[in-house]
Each structure stands twice: as structure tokens, then as C-alpha cells.
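Chemist: Pasting a structure below so you can have a look.
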Amino acid sequence: EEAGAARPFGQRLLVVANRLPVSAVRRGEDSWSLDISAGGLVSALLGVKQFEARWIGWAGVNVPDEIGQKALTKALAEKRCIPVFLDEEIVHQYYNGYCNNILWPLFHYLGLPQEDRLATTRSFQSQFAAYKKANQMFADVVNAHYEEGDVVWCHDYHLMYLPECLKKYNTKMKVGWFLHTPFPSSEIHRTLPSRYELLRSVLAADLVGFHTYDYARHFVSACTRILGLEGTPEGVEDQGKLTRVAAFPIGIDSDRFIRALELPQVQEHIKELKERFSGRKVMLGVDRLDMIKGIPQKLLAFEKFLEENPYWRDKVVLLQIAVPTRTDVPEYQKLTSQVHEIVGRINGRFGTLTAVPIHHLDCSLDFHALCALYAVTDVALVTSLRDGMNLVSYEFVACQEAKKGVLVLSEFAGAAQSLGAGAVLVNPWNITEVAASIGQALNMPAEEREKRHCHNFHHVTEHTAQEWAETFVSELNDTVVEAQLRSSK
Ligand code: G6P
């Protein structure tokens, strides 16, 4: 499947994200093999049918030589992808540093890293400089490919400096920016040393989007309190210029999951899993191995549940898929060992010669294996400490038409606002409450499960990724009209 395969009659959409939706492996001096990778953002944008999308981003690999760069650019062009080449030092300072060690934890309410608080401001400043430089490199590539009439859609916290860079090139360029993480309370944002510049740059966009109304509200508060600008119901106004700010909750391509369940190989896989875990209820966690996902807290809650409910010890299994991510960032390395330690302890305490309570996998699963796993699950545990939306909860629901299992969902995931009525909502920090919710979910009568599932299934299949993207882009197009109306007044 190509990322944004040919779309007749479509408007050109330049989708700019830190990471291209491909994984690239070098096979020789001038040869590459490419695989479309399906993360949250990627599967969402694959659902956009009526635009002719071009993707601009980093291919996730270091390509220092010109031959390699040329060959990769050529291979990517067939997938409608355009690379931004970042060298190792920039990746270290911009991606590992400023993006994943500063903005990511801050936006998820984990605060600024201790080291940077205590150290001289040098490391912070050099990381911010690299961030700006990387954003400028993205802007250069966008600008080189831009044609009049294109819309440019920038994604996520990696590219907050991009809207301003783009508008400096061309004020007429239609620029939207969407944040896939939470936008924190303005009190949290205030602690960021580069708080002014980032807000200012985002405001250069014509449309700024968030997953939930709360995030949008936090952003507008940050602009009013930190920049002293005026917040209006439409967005933020600065000297007569309006930046539209609104909520656009993302969805998934639910049909893709539903269709996959019918495939013979997925059916076969489902049968195997059912046999493998027969006589036991299956609980499932699927998370990137990230501190925001609350994996240690989830494991501790499961341990508490087993402690308090001896009856369930040999009747339930927790499958935890923990996808390695950002492995060069020390915080993530620490988390990996912490998780392994807890899993080992729990399996040591409650395992028997023939069975262990937790199957923990440090890997990603292919799409079909994941669908099968979702389908056989009785209880999904999505217990993020903070999460922009969390599409695992959506994917699980899409695969549960037969089983009608229970979703235990953190109230701090954006998804709690859309699936809250169907899910069992928990505060992931409260281990006792999560343990009790596990019991509630495992014991839930069929009728109640069905009612809750129907509510969620309806939402997930109605509010798809495609609808999300269409709404965002059509609003972005409307800002053109608004701006013209204003200038003709
Ligand atoms: C989150 C972010 C995405 C990012 C993804 C994977 O969902 O919002 O922008 O692509 O995590 O993280 P990575 O650092 O591997 O791109």
C-alpha cells in the first residue's frame, strides 16, 4: 500500500511530520528497501482518500553520503514521500533532546527533566537551537516542493517552529498545525524556557488543531496569559489577525481492522490464540514502551489484583506488548529495566511450573497478529498517565464485535472523552482503583458488556480517521475564504 496513493481530482496536501510513514533499510550503496509503517498518525492519514497527499519528513536513518541520499529520495518518491535529511548531531539534539526529553514529558505533565533544571542553560539552549534549525530544514524542503493552491499540514510537537518558518517564505501559503499530544495547562507551559517563541510560531498557522476541547482551551489560555493576546471563541487574535483554534478528535480506519478479521490467516491466528489460552481470560496491553503509558503502574495494579483475588490466579493472563521506542533517550532505557524487573517479580510470585500470569513482549506485532490479539481479548487495559488520544483503545473496540470485551481506560487519555461512556474509566495512579476495575471488568455480565461495547463501536466506526482529516483540511481551506473576506472589507 502506498502512502497516499494517486487520488484523482484531489487538492494537493503536503503532510509534514517528523517521521515519514516508512521504514527504510539500506541494502547497498544506492539501494534501499522501504516498508510502509503503521503508527497512530500514519494509519490515520492513510484513511484520507480525496487529497493527493505528499509526505515530507525524516526517514529515520542517517544517510551521510550523497549517493545514498539520491537513491533514497528516488525510492521514496514512488511512495509519494519526500525526505528531510537530518545528520546524527541534529537528531541527537533536536529529536532525542528537545523533542523527546523536553517537549514530550512536559506536554504529558511529567515536567522538565531534572538535569536541565540543574545544569547551566547551555544544554537547553543548544537543544532549542537544534530544534529551530531542524524545523528550518523541514521548511526548506516544504518550500521547495510547494505549488500554489497546496495546503500544508504540519504535525505534532516536533514541528512547532515550522508554521512561522513557512510563513516567512510565503505569507499566502495555507498552513495548518495539529498536535497529537495533549497541550498542557498554561501553568505547565509557562515553565518552558522557550514558551514565547513556540506559541508565537504556532500562531503563525491559519488553523491550529487539538484532539480535545480541553487541549484547545489550554492553548488559548497559554496565548492569553503568556503572550497577553486575546482569546475569542474562534481562536486567538493578535492585532486583527485571527488564528483559528479548534478540537478535531482523531479516529482510526476502522474498516481496515474489521476487514482484517475476516482474512483466513487472521482467523487461523485467532483459533491458535484461543486454544493457547483456553480456560483463561485474556487481558491485553499494547503500548509503546513510554513513561506516559503508565506500564509500571498497570503491572502493579495487576499484581495487586492477583494478590487480592487468589481465585483468578490461574484463570487470567495479561499479555503486555511493549513496543520499544526512542531507545537512545536514557529515560526510556531506565523504564525498560524497571518494567522487566516488575514483570519478573510478578511472574516469580504468581507463576506455576506450567503457567505465568504475564506474557511480556518487547516488540511490535504485525498488523494481522495485532488484530487477532485484539479479537481474543476479554479486557483491554489502557492506563496511560497522559495520552493525546490513544488509538489502541479505538483499535481494540473495532476488533470486538464478536467478543464484546471490556475496555479499562485511563481518564487522562483523550479517548476518555469519546469512549468514556462505554469504558470503565480509571485513574491510573490509583493502583487500588485499577485493581478493583480489573475485577469489575472480568466479572461484568454479558448484557452490560454488550451495551458498553455498542456505544464504543458506534463511535469508533462513525468518527474515523478519514472524517478527521477531511474536517481539518476543509476548515483549513475555509480559513482562505475568511482571510479573503477580511482583506476585501
Ligand atoms: C507519538 C507522537 C508521534 C510519533 C509517535 C512515535 O504518537 O505523537 O508524532 O511519531 O509517538 O514516536 P517516534 O518518536 O518513534 O516517532
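Ordered as shown in the C-alpha cells, chains take letters A, B, and onward, while each chain numbers its residues from 1 and ligands are numbered from 1 in the order shown.
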Identify all residues of segment 116-338 of chain A in alpha helix (DSSP H) (DSSP on the backbone) and supply them as a count of residues only.
Modeler: 106
Chemist: List all protein, DNA and RNA residues that have at least one atom no more than 8 Å from any atom of ligand 1, counting only C-alpha atoms and all ligand atoms, and write them as a list in words.
Modeler: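 Within the 8 Å cut-off, the matching residues are Ala17, Asn18, Arg19, Gly39, Gly40, Leu41, Tyr95, Asn100, His155, Asp156, Tyr157, His158, Leu179, His180, Thr181, Arg288, Thr325, Arg326 and Gly388 of chain A.
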Chemist: Restricting the calculation to only C-alpha atoms: of A:Ala205, A:Ala144, A:Cys399, A:Ala355, which residue gets closest to Ala380 of chain A?
Modeler: A:Cys399
Chemist: Skipping near chain neighbours, those fewer than 5 positions away, what residues fall within 8 Å of Val15 of chain A using only C-alpha atoms, listed as a PyMOL selection string?
Modeler: chain A and resi 53-56+152-155
Chemist: Looking at A:Ala375, A:Ile431, A:Ile252, A:Ile295, which one is nearest to Met389 of chain A, with distances taken over only C-alpha atoms?
Modeler: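 Closest to Met389 of chain A of all the choices is A:Ile252.
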Chemist: Compile the contact shell of segment 241-248 of chain A as a list in words: residues with an atom at most 7 Å away, counting only C-alpha atoms, same-chain residues fewer than 2 positions apart removed.
Modeler: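 Using only C-alpha atoms, the neighbours found are Leu203, Ala205, Asp206, Leu207, Val208, Gly209, Phe210, His211, Thr212, Tyr213, Ala216, Glu234, Gly235, Val236, Glu237, Asp238, Gln239, Ile250, Trp468 and Phe472 of chain A.
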Chemist: Go ahead and write the selection's residues with N, CA and C atoms as a short mmCIF file (atom, residue, chain, number, x, y, z; two decimals), in the first residue's frame.
Modeler:
```cif
data_model
loop_
_atom_site.label_atom_id
_atom_site.label_comp_id
_atom_site.auth_asym_id
_atom_site.auth_seq_id
_atom_site.Cartn_x
_atom_site.Cartn_y
_atom_site.Cartn_z
N LEU A 203 1.12 30.23 16.28
CA LEU A 203 0.07 31.20 15.91
C LEU A 203 0.22 31.72 14.48
N ALA A 205 0.31 29.85 12.05
CA ALA A 205 -0.52 28.96 11.22
C ALA A 205 -1.91 29.58 11.04
N ASP A 206 -2.64 29.11 10.04
CA ASP A 206 -4.01 29.59 9.83
C ASP A 206 -4.99 28.82 10.69
N LEU A 207 -4.68 27.55 10.91
CA LEU A 207 -5.57 26.72 11.72
C LEU A 207 -4.72 25.86 12.65
N VAL A 208 -5.10 25.84 13.93
CA VAL A 208 -4.37 25.06 14.93
C VAL A 208 -5.36 24.07 15.53
N GLY A 209 -5.01 22.78 15.49
CA GLY A 209 -5.96 21.77 15.93
C GLY A 209 -5.43 20.90 17.06
N PHE A 210 -6.35 20.44 17.89
CA PHE A 210 -6.03 19.54 19.01
C PHE A 210 -7.04 18.41 19.03
N HIS A 211 -6.72 17.35 19.81
CA HIS A 211 -7.66 16.23 19.91
C HIS A 211 -8.91 16.57 20.70
N THR A 212 -8.75 17.36 21.75
CA THR A 212 -9.91 17.62 22.62
C THR A 212 -10.09 19.12 22.83
N TYR A 213 -11.28 19.43 23.26
CA TYR A 213 -11.62 20.80 23.57
C TYR A 213 -10.73 21.34 24.70
N ALA A 216 -7.36 22.47 23.45
CA ALA A 216 -7.51 23.73 22.69
C ALA A 216 -7.64 24.90 23.68
N GLU A 234 -13.41 31.74 18.47
CA GLU A 234 -12.84 31.13 17.26
C GLU A 234 -11.36 30.78 17.39
N GLY A 235 -10.68 31.44 18.30
CA GLY A 235 -9.25 31.17 18.40
C GLY A 235 -8.51 32.26 19.14
N VAL A 236 -7.40 32.70 18.56
CA VAL A 236 -6.57 33.71 19.20
C VAL A 236 -6.39 34.88 18.24
N GLU A 237 -6.57 36.09 18.74
CA GLU A 237 -6.42 37.25 17.88
C GLU A 237 -5.20 38.05 18.27
N ASP A 238 -4.45 38.45 17.26
CA ASP A 238 -3.27 39.27 17.51
C ASP A 238 -3.29 40.41 16.49
N GLN A 239 -3.50 41.60 16.95
CA GLN A 239 -3.56 42.79 16.10
C GLN A 239 -4.42 42.56 14.86
N ILE A 250 -9.16 12.76 16.60
CA ILE A 250 -8.74 11.80 15.56
C ILE A 250 -9.51 10.50 15.71
N TRP A 468 -11.82 12.77 10.25
CA TRP A 468 -10.97 13.70 10.98
C TRP A 468 -10.15 14.56 10.01
N PHE A 472 -10.49 18.60 9.13
CA PHE A 472 -9.39 19.53 9.37
C PHE A 472 -9.04 20.29 8.09
#
```
Chemist: Set the distance at 10 Å and use only C-alpha atoms: which residues neighbour Leu373 of chain A once local chain neighbours fewer than 2 positions away are removed? I'd like the list as a list in words.
Modeler: Val266, His269, Ile270, Leu273, Lys274, Val282, Met283, Leu284, Val286, Leu319, Leu365, Phe367, His368, Ala369, Leu370, Cys371, Ala375, Val376, Thr377, Phe396 and Cys399 of chain A
